[in-house]
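Raw contents of entry20.csv, CSV, C-alpha atoms and all ligand atoms:
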```csv
chain,number,residue,atom,x,y,z
A,25,MET,CA,0.6,-44.1,36.2
A,26,SER,CA,1.3,-40.8,34.9
A,27,LEU,CA,-1.3,-38.1,34.7
A,28,SER,CA,-0.9,-35.7,31.9
A,29,LEU,CA,-2.8,-32.5,32.2
A,30,ARG,CA,-3.3,-30.6,28.9
A,31,PHE,CA,-4.7,-27.2,29.1
A,32,THR,CA,-4.4,-24.1,27.0
A,33,VAL,CA,-3.9,-20.7,28.5
A,34,PHE,CA,-4.4,-17.8,26.2
A,35,VAL,CA,-2.6,-14.7,27.3
A,36,PHE,CA,-3.2,-11.6,25.3
A,37,ASN,CA,0.2,-10.2,24.5
A,38,ALA,CA,0.1,-6.4,24.7
A,39,GLU,CA,3.2,-6.4,22.6
A,40,ALA,CA,1.6,-8.5,19.9
A,41,SER,CA,2.7,-7.7,16.4
A,42,MET,CA,0.4,-5.4,14.4
A,43,ARG,CA,1.2,-7.5,11.3
A,44,LEU,CA,-1.7,-9.7,10.5
A,45,ASP,CA,0.6,-12.4,9.1
A,46,LEU,CA,2.4,-12.6,12.4
A,47,CYS,CA,-0.8,-12.8,14.6
A,48,SER,CA,-2.6,-15.9,15.7
A,49,TRP,CA,-6.3,-16.0,15.0
A,50,GLN,CA,-7.0,-15.5,18.7
A,51,GLU,CA,-5.0,-12.3,18.7
A,52,VAL,CA,-7.1,-11.1,15.8
A,53,GLU,CA,-10.3,-12.0,17.7
A,54,ARG,CA,-9.0,-9.9,20.7
A,55,TYR,CA,-8.1,-7.0,18.4
A,56,LEU,CA,-11.7,-7.0,17.0
A,57,GLU,CA,-13.0,-6.5,20.5
A,58,HIS,CA,-11.6,-3.0,20.6
A,59,SER,CA,-11.0,-2.1,16.9
A,60,THR,CA,-12.6,-3.1,13.6
A,61,GLY,CA,-10.3,-1.2,11.3
A,62,ILE,CA,-7.4,-2.5,9.3
A,63,ILE,CA,-4.9,-1.2,6.8
A,64,ILE,CA,-4.1,-3.2,3.6
A,65,PRO,CA,-1.0,-2.1,1.7
A,66,ILE,CA,-1.5,-2.4,-2.1
A,67,GLY,CA,1.1,-1.8,-4.8
A,68,SER,CA,2.5,-3.2,-8.0
A,69,HIS,CA,5.5,-5.0,-9.4
A,70,GLU,CA,6.8,-3.0,-12.3
A,71,GLN,CA,9.9,-1.3,-13.7
A,72,HIS,CA,10.9,1.9,-12.0
A,73,GLY,CA,13.5,3.3,-14.3
A,74,PRO,CA,17.3,2.8,-14.1
A,75,ASN,CA,17.8,3.1,-10.4
A,76,GLY,CA,14.4,2.2,-9.0
A,77,LEU,CA,13.3,-1.2,-7.7
A,78,LEU,CA,10.7,-3.4,-9.3
A,79,GLY,CA,8.9,-3.7,-5.9
A,80,THR,CA,8.8,0.1,-5.3
A,81,ASP,CA,5.1,0.5,-5.3
A,82,ALA,CA,4.5,-2.3,-2.9
A,83,ILE,CA,7.6,-1.6,-0.7
A,84,CYS,CA,6.5,2.0,0.0
A,85,PRO,CA,3.0,1.5,1.3
A,86,GLU,CA,4.0,-1.7,3.2
A,87,TYR,CA,6.8,0.1,5.0
A,88,ILE,CA,4.6,3.1,5.8
A,89,ALA,CA,1.7,0.9,6.9
A,90,ARG,CA,3.9,-1.1,9.2
A,91,GLY,CA,5.3,2.2,10.7
A,92,VAL,CA,1.7,3.3,11.4
A,93,GLY,CA,0.8,-0.2,12.8
A,94,GLU,CA,3.7,-0.2,15.3
A,95,ARG,CA,3.3,3.4,16.4
A,96,TYR,CA,-0.5,3.6,16.6
A,97,GLN,CA,-1.5,0.0,17.2
A,98,VAL,CA,-3.4,-0.5,13.9
A,99,LEU,CA,-3.5,-3.9,12.4
A,100,VAL,CA,-1.8,-4.2,9.0
A,101,GLY,CA,-2.9,-6.9,6.6
A,102,PRO,CA,-0.8,-8.7,3.9
A,103,THR,CA,0.5,-6.5,1.1
A,104,LEU,CA,-1.2,-7.0,-2.2
A,105,GLY,CA,2.0,-6.8,-4.2
A,106,LEU,CA,0.7,-7.1,-7.8
A,107,GLY,CA,-1.4,-4.4,-9.4
A,108,MET,CA,-2.6,-3.0,-12.7
A,109,ALA,CA,0.6,-2.3,-14.6
A,110,GLN,CA,-0.1,-3.4,-18.2
A,111,HIS,CA,1.7,-0.3,-19.5
A,112,HIS,CA,5.0,-1.5,-18.0
A,113,LEU,CA,5.0,-4.9,-19.5
A,114,ASP,CA,7.6,-4.0,-22.2
A,115,PHE,CA,10.2,-3.9,-19.4
A,116,PRO,CA,11.7,-7.2,-18.0
A,117,GLY,CA,10.5,-8.1,-14.6
A,118,SER,CA,7.2,-6.2,-14.7
A,119,ILE,CA,4.2,-8.3,-13.7
A,120,SER,CA,0.6,-7.1,-14.2
A,121,LEU,CA,-2.9,-8.1,-13.3
A,122,ARG,CA,-5.7,-7.2,-15.6
A,123,PRO,CA,-8.2,-4.6,-14.1
A,124,THR,CA,-10.8,-7.3,-13.8
A,125,THR,CA,-8.4,-9.6,-12.0
A,126,LEU,CA,-7.4,-6.9,-9.5
A,127,ILE,CA,-11.1,-6.0,-8.9
A,128,ALA,CA,-11.7,-9.7,-8.1
A,129,VAL,CA,-8.7,-9.8,-5.7
A,130,VAL,CA,-9.7,-6.6,-3.9
A,131,THR,CA,-13.3,-7.6,-3.5
A,132,ASP,CA,-12.4,-11.1,-2.2
A,133,VAL,CA,-10.0,-9.6,0.3
A,134,VAL,CA,-12.6,-7.2,1.6
A,135,ARG,CA,-15.3,-9.9,1.8
A,136,SER,CA,-13.0,-12.1,3.8
A,137,LEU,CA,-12.3,-9.3,6.3
A,138,LEU,CA,-16.0,-8.3,6.6
A,139,ARG,CA,-16.9,-11.9,7.4
A,140,HIS,CA,-14.7,-11.6,10.6
A,141,GLY,CA,-16.2,-8.4,11.7
A,142,PHE,CA,-13.9,-5.7,10.3
A,143,THR,CA,-16.0,-2.7,9.3
A,144,HIS,CA,-13.3,-0.2,8.1
A,145,VAL,CA,-10.9,-1.4,5.4
A,146,PHE,CA,-8.2,1.2,4.5
A,147,PHE,CA,-6.2,0.4,1.4
A,148,LEU,CA,-2.8,2.3,1.4
A,149,ASN,CA,-1.8,2.4,-2.2
A,150,GLY,CA,1.6,3.0,-3.8
A,151,HIS,CA,0.7,2.9,-7.5
A,152,GLY,CA,-1.2,5.5,-9.5
A,153,GLY,CA,-2.2,2.8,-12.1
A,154,ASN,CA,-4.3,1.1,-9.4
A,155,ILE,CA,-6.5,4.0,-8.5
A,156,ALA,CA,-9.3,3.5,-11.1
A,157,THR,CA,-9.4,-0.2,-10.5
A,158,ILE,CA,-9.5,-0.1,-6.7
A,159,SER,CA,-12.3,2.5,-7.0
A,160,ALA,CA,-14.2,0.1,-9.3
A,161,ALA,CA,-13.7,-2.7,-6.8
A,162,PHE,CA,-15.2,-0.5,-4.1
A,163,ALA,CA,-18.2,0.2,-6.4
A,164,GLU,CA,-18.6,-3.5,-6.9
A,165,LEU,CA,-18.8,-4.1,-3.2
A,166,TYR,CA,-21.2,-1.3,-2.6
A,167,ALA,CA,-23.3,-2.5,-5.6
A,168,ASP,CA,-23.6,-6.0,-4.0
A,169,HIS,CA,-25.2,-4.3,-1.0
A,170,SER,CA,-27.3,-1.9,-3.0
A,171,PHE,CA,-28.9,-4.6,-5.1
A,172,ARG,CA,-29.7,-6.7,-2.0
A,173,ARG,CA,-30.8,-4.4,0.8
A,174,ALA,CA,-32.4,-1.1,1.6
A,175,GLU,CA,-30.2,-0.2,4.6
A,176,ALA,CA,-26.8,1.5,4.3
A,177,ALA,CA,-23.9,-0.9,4.0
A,178,PRO,CA,-22.4,-1.7,7.5
A,179,PHE,CA,-18.9,-1.3,6.1
A,180,HIS,CA,-16.6,1.5,5.0
A,181,LEU,CA,-13.8,1.4,2.4
A,182,ARG,CA,-11.1,4.0,1.8
A,183,LEU,CA,-8.3,4.4,-0.7
A,184,GLY,CA,-5.4,6.4,0.5
A,185,ASN,CA,-2.4,7.1,-1.8
A,186,TRP,CA,0.7,7.7,0.3
A,187,PHE,CA,2.3,9.9,-2.4
A,188,MET,CA,-0.7,12.3,-2.4
A,189,GLY,CA,-0.8,13.0,1.4
A,190,LYS,CA,-0.6,16.6,2.5
A,191,ARG,CA,2.8,16.4,4.4
A,192,VAL,CA,4.3,14.1,1.7
A,193,THR,CA,3.3,16.5,-1.1
A,194,ALA,CA,4.7,19.5,0.7
A,195,LEU,CA,8.0,17.7,1.4
A,196,THR,CA,8.3,16.3,-2.1
A,197,ASP,CA,7.8,19.8,-3.6
A,198,ALA,CA,10.5,21.2,-1.3
A,199,LEU,CA,13.0,18.5,-2.0
A,200,TYR,CA,12.5,18.0,-5.8
A,201,GLY,CA,10.1,20.5,-7.3
A,202,ALA,CA,8.7,19.5,-10.7
A,203,SER,CA,11.5,17.0,-11.3
A,204,ASN,CA,9.9,14.6,-8.9
A,205,GLY,CA,8.0,13.5,-12.0
A,206,SER,CA,5.1,11.1,-12.2
A,207,HIS,CA,6.8,7.7,-12.5
A,208,ALA,CA,10.0,6.4,-11.0
A,209,THR,CA,9.8,9.5,-8.9
A,210,ALA,CA,12.7,10.7,-6.7
A,211,SER,CA,10.4,10.5,-3.7
A,212,GLU,CA,9.4,6.9,-4.1
A,213,VAL,CA,13.0,5.8,-4.9
A,214,SER,CA,14.2,7.6,-1.8
A,215,LEU,CA,11.7,5.8,0.4
A,216,THR,CA,12.7,2.4,-1.0
A,217,TYR,CA,16.4,3.3,-0.4
A,218,TYR,CA,15.5,4.1,3.2
A,219,ALA,CA,13.6,0.8,3.6
A,220,HIS,CA,16.3,-1.2,1.7
A,221,PRO,CA,19.7,0.4,2.0
A,222,GLU,CA,21.2,-2.8,0.5
A,223,ALA,CA,19.5,-2.1,-2.8
A,224,VAL,CA,20.7,1.5,-3.4
A,225,LYS,CA,21.8,2.0,-7.1
A,226,GLN,CA,24.0,4.7,-8.4
A,227,VAL,CA,23.0,5.5,-12.0
A,228,GLU,CA,23.6,8.6,-14.2
A,229,MET,CA,20.3,9.7,-15.8
A,230,GLN,CA,20.3,10.5,-19.5
A,231,PRO,CA,18.5,12.9,-19.9
A,232,ARG,CA,18.6,14.2,-16.3
A,233,VAL,CA,14.9,14.8,-16.3
A,234,ALA,CA,12.8,12.3,-18.3
A,235,PRO,CA,10.1,13.4,-20.7
A,236,ALA,CA,6.5,13.8,-19.4
A,237,GLY,CA,3.2,12.9,-20.9
A,238,GLY,CA,0.6,10.2,-21.4
A,239,PHE,CA,0.7,6.6,-22.7
A,240,ARG,CA,-1.6,3.8,-23.9
A,241,ASP,CA,-0.2,0.3,-23.9
A,242,ALA,CA,3.2,-1.3,-23.1
A,243,ALA,CA,4.8,-0.7,-26.4
A,244,ASP,CA,3.6,2.9,-26.6
A,245,PHE,CA,4.9,3.5,-23.1
A,246,ARG,CA,8.4,2.2,-23.9
A,247,GLN,CA,8.6,4.1,-27.1
A,248,ARG,CA,7.8,7.4,-25.3
A,249,TYR,CA,9.9,6.6,-22.1
A,250,PRO,CA,12.8,4.4,-23.2
A,251,ASP,CA,14.4,4.1,-19.7
A,252,GLY,CA,11.0,3.8,-18.0
A,253,ARG,CA,10.9,7.2,-16.2
A,254,VAL,CA,8.2,9.7,-16.7
A,255,GLY,CA,9.0,13.3,-15.9
A,256,SER,CA,11.4,12.4,-13.1
A,257,ASP,CA,15.0,12.8,-12.0
A,258,PRO,CA,15.5,10.0,-9.4
A,259,SER,CA,19.3,10.5,-9.3
A,260,ALA,CA,18.4,13.0,-6.6
A,261,ALA,CA,17.0,10.1,-4.4
A,262,CYS,CA,18.8,9.3,-1.1
A,263,GLN,CA,18.1,7.5,2.2
A,264,GLU,CA,17.9,10.7,4.3
A,265,HIS,CA,15.1,12.0,2.0
A,266,GLY,CA,13.5,8.6,2.4
A,267,ARG,CA,13.6,8.9,6.2
A,268,GLN,CA,11.9,12.3,6.0
A,269,LEU,CA,9.3,11.1,3.5
A,270,PHE,CA,8.6,8.0,5.7
A,271,GLU,CA,7.9,10.2,8.8
A,272,ALA,CA,5.6,12.5,6.7
A,273,ALA,CA,3.8,9.6,5.2
A,274,VAL,CA,3.2,7.9,8.6
A,275,GLU,CA,1.7,11.1,9.9
A,276,ASP,CA,-0.5,11.6,6.8
A,277,THR,CA,-1.7,8.1,6.9
A,278,ILE,CA,-2.6,8.0,10.6
A,279,ALA,CA,-4.5,11.3,10.3
A,280,SER,CA,-6.4,9.9,7.3
A,281,TYR,CA,-7.0,6.5,9.0
A,282,ARG,CA,-8.4,8.2,12.2
A,283,GLU,CA,-10.7,10.4,10.3
A,284,PHE,CA,-11.9,7.4,8.3
A,285,THR,CA,-12.5,5.1,11.2
A,286,ALA,CA,-14.4,7.8,13.0
A,287,SER,CA,-17.0,7.6,10.2
A,288,LYS,CA,-20.1,5.6,11.0
A,301,NI,NI,5.8,3.9,-8.5
```

Show me this structure written as structure tokens.
Ligand code: NI
Amino acid sequence: MSLSLRFTVFVFNAEASMRLDLCSWQEVERYLEHSTGIIIPIGSHEQHGPNGLLGTDAICPEYIARGVGERYQVLVGPTLGLGMAQHHLDFPGSISLRPTTLIAVVTDVVRSLLRHGFTHVFFLNGHGGNIATISAAFAELYADHSFRRAEAAPFHLRLGNWFMGKRVTALTDALYGASNGSHATASEVSLTYYAHPEAVKQVEMQPRVAPAGGFRDAADFRQRYPDGRVGSDPSAACQEHGRQLFEAAVEDTIASYREFTASK
């Protein structure tokens, strides 16, 4: 007769990954015992000019968030890689969500996390076109609470744009000045080259600095900005700049995250 003993020993691994997708649910439960904050990278999948990657706006916040997670033991959720990019749809490969779709995605992600006991959800964003929609999603979540209850909501939401951080802005100004531009910027292209050296592209820009201005829909955008850049000269992008920008962005993000999670 053989006796088989089955038992489970759960050992908390101090070296556990800070990536939510690589955790077990028990590890998340343990994390929640000492921290209820989480970072969610959010970006877009859209053209980034002649030498920029379609995934730029998701790659940048994901890479920075994982850097913060590893160095400062902050849990990092799955990257929301599709955003509000309707104005890029005239360029092949671009994929957009409607604003209302993105609002639904963000609110459902937050509601899922709140259900488990997270109280501070920090979205690290890589796409300017997401800002209005993410803010609207936050307003929806607070409105849910306002219509139901008199007490203050027991959760906090923050939108951090990596490209607008204090250290990143100072470094970007020093490296590129005004020709960093506002879309397919030299700084974001540098950061993706640092994250993905296998995807570096050498392309001559014509004109060197792209025209700047506004836009409406996809056809209007392409007419104004034929190669997809807005105000930028990303031929100045390189991996070494990307490394410096990464270090600056990690420090900006952890400072903002700590200030945020201290709020009650
Ligand atoms: Ni971008």

(request) Mind giving me the straight-line distance from CA of Thr103 in chain A to CA of His151 in chain A in Å, one decimal? (result) 12.7 Å

(request) List all protein, DNA and RNA residues that have any atom at most 9 Å from ligand NI 301 (chain A), counting all atoms listed in the file, and write the list as a PyMOL selection string. (result) chain A and resi 67-72+76+78-82+84+150-153+206-209+212-213

Restricted to C-alpha atoms, what would the selected residues look like written as a PDB file, in the coordinates of the input?
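result09.pdb written:
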```
ATOM      1  CA  GLY A  67       1.100  -1.800  -4.800  1.00  0.00           C
ATOM      2  CA  SER A  68       2.500  -3.200  -8.000  1.00  0.00           C
ATOM      3  CA  HIS A  69       5.500  -5.000  -9.400  1.00  0.00           C
ATOM      4  CA  GLU A  70       6.800  -3.000 -12.300  1.00  0.00           C
ATOM      5  CA  GLN A  71       9.900  -1.300 -13.700  1.00  0.00           C
ATOM      6  CA  HIS A  72      10.900   1.900 -12.000  1.00  0.00           C
ATOM      7  CA  GLY A  76      14.400   2.200  -9.000  1.00  0.00           C
ATOM      8  CA  LEU A  78      10.700  -3.400  -9.300  1.00  0.00           C
ATOM      9  CA  GLY A  79       8.900  -3.700  -5.900  1.00  0.00           C
ATOM     10  CA  THR A  80       8.800   0.100  -5.300  1.00  0.00           C
ATOM     11  CA  ASP A  81       5.100   0.500  -5.300  1.00  0.00           C
ATOM     12  CA  ALA A  82       4.500  -2.300  -2.900  1.00  0.00           C
ATOM     13  CA  CYS A  84       6.500   2.000   0.000  1.00  0.00           C
ATOM     14  CA  GLY A 150       1.600   3.000  -3.800  1.00  0.00           C
ATOM     15  CA  HIS A 151       0.700   2.900  -7.500  1.00  0.00           C
ATOM     16  CA  GLY A 152      -1.200   5.500  -9.500  1.00  0.00           C
ATOM     17  CA  GLY A 153      -2.200   2.800 -12.100  1.00  0.00           C
ATOM     18  CA  SER A 206       5.100  11.100 -12.200  1.00  0.00           C
ATOM     19  CA  HIS A 207       6.800   7.700 -12.500  1.00  0.00           C
ATOM     20  CA  ALA A 208      10.000   6.400 -11.000  1.00  0.00           C
ATOM     21  CA  THR A 209       9.800   9.500  -8.900  1.00  0.00           C
ATOM     22  CA  GLU A 212       9.400   6.900  -4.100  1.00  0.00           C
ATOM     23  CA  VAL A 213      13.000   5.800  -4.900  1.00  0.00           C
TER      24      VAL A 213
END
```

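Restricting the calculation to all atoms listed in the file, the smallest distance between Ile88 in chain A and any of A:Ile119, A:Ile158, A:Ile64, A:Ala260 is found for A:Ile64.
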
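As for CA of Ala236 in chain A and CA of Ala198 in chain A, they are spaced 20.0 Å apart.
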
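Between CA of Cys47 in chain A and CA of Trp186 in chain A there is a distance of 25.0 Å.
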
(request) Excluding Gly61 in chain A and any residue of its chain fewer than 3 positions from it, enumerate the residues within 6 Å of it, using all atoms listed in the file, and give them as a PyMOL selection string. (result) chain A and resi 142+144-145

Mind listing as a tab-separated table (two decimals) with C-alpha atoms, keeping the file's coordinate frame all residues within 12 Å of (-19.1, -5.6, -6.5), counting all atoms listed in the file?
```tsv
chain	number	residue	atom	x	y	z
A	124	THR	CA	-10.80	-7.30	-13.80
A	127	ILE	CA	-11.10	-6.00	-8.90
A	128	ALA	CA	-11.70	-9.70	-8.10
A	129	VAL	CA	-8.70	-9.80	-5.70
A	130	VAL	CA	-9.70	-6.60	-3.90
A	131	THR	CA	-13.30	-7.60	-3.50
A	132	ASP	CA	-12.40	-11.10	-2.20
A	134	VAL	CA	-12.60	-7.20	1.60
A	135	ARG	CA	-15.30	-9.90	1.80
A	157	THR	CA	-9.40	-0.20	-10.50
A	158	ILE	CA	-9.50	-0.10	-6.70
A	159	SER	CA	-12.30	2.50	-7.00
A	160	ALA	CA	-14.20	0.10	-9.30
A	161	ALA	CA	-13.70	-2.70	-6.80
A	162	PHE	CA	-15.20	-0.50	-4.10
A	163	ALA	CA	-18.20	0.20	-6.40
A	164	GLU	CA	-18.60	-3.50	-6.90
A	165	LEU	CA	-18.80	-4.10	-3.20
A	166	TYR	CA	-21.20	-1.30	-2.60
A	167	ALA	CA	-23.30	-2.50	-5.60
A	168	ASP	CA	-23.60	-6.00	-4.00
A	169	HIS	CA	-25.20	-4.30	-1.00
A	170	SER	CA	-27.30	-1.90	-3.00
A	171	PHE	CA	-28.90	-4.60	-5.10
A	172	ARG	CA	-29.70	-6.70	-2.00
```

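Near Ala202 in chain A, within 12 Å and counting all atoms listed in the file, sit Thr193, Thr196, Asp197, Thr209, Ala210, Ser211, Val233, Ala234, Pro235, Ala236, Val254, Gly255, Ser256, Asp257 and Pro258 of chain A, not including residues fewer than 5 positions from it in the same chain.
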
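You can rank A:Val98, A:Thr216, A:His140, A:Thr60 by their closest distance to Cys262 in chain A using all atoms listed in the file, and at the top of that list sits A:Thr216.
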
Shell around Tyr218 in chain A at 9 Å using only C-alpha atoms, local window under 4 positions removed, as a compact mmCIF listing (two decimals) with C-alpha atoms, keeping the file's coordinate frame:
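The result, written out as selection.txt:
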```txt
# COMPACT_ATOMS: atom_id res chain seq x y z
CA VAL A 213 13.00 5.80 -4.90
CA SER A 214 14.20 7.60 -1.80
CA VAL A 224 20.70 1.50 -3.40
CA CYS A 262 18.80 9.30 -1.10
CA GLN A 263 18.10 7.50 2.20
CA GLU A 264 17.90 10.70 4.30
CA HIS A 265 15.10 12.00 2.00
CA GLY A 266 13.50 8.60 2.40
CA ARG A 267 13.60 8.90 6.20
CA PHE A 270 8.60 8.00 5.70
```

(request) Considering all atoms listed in the file, return as a ChimeraX atom specification whatever protein or nucleic-acid residues lie within 12 Å of Tyr55 in chain A, sequence-local ones (same chain, fewer than 6 positions apart) excluded. (result) /A:36-38,40-44,47-49,61-62,97-100,140-142

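Taking only C-alpha atoms into account, Ala272 in chain A lies nearest to A:Phe187 out of the set A:Gly93, A:Arg54, A:Phe187, A:Glu175.
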
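Restricting the calculation to all atoms listed in the file, the smallest distance between Asp114 in chain A and any of A:Ala273, A:Val52, A:Ala177, A:Ala242 is found for A:Ala242.
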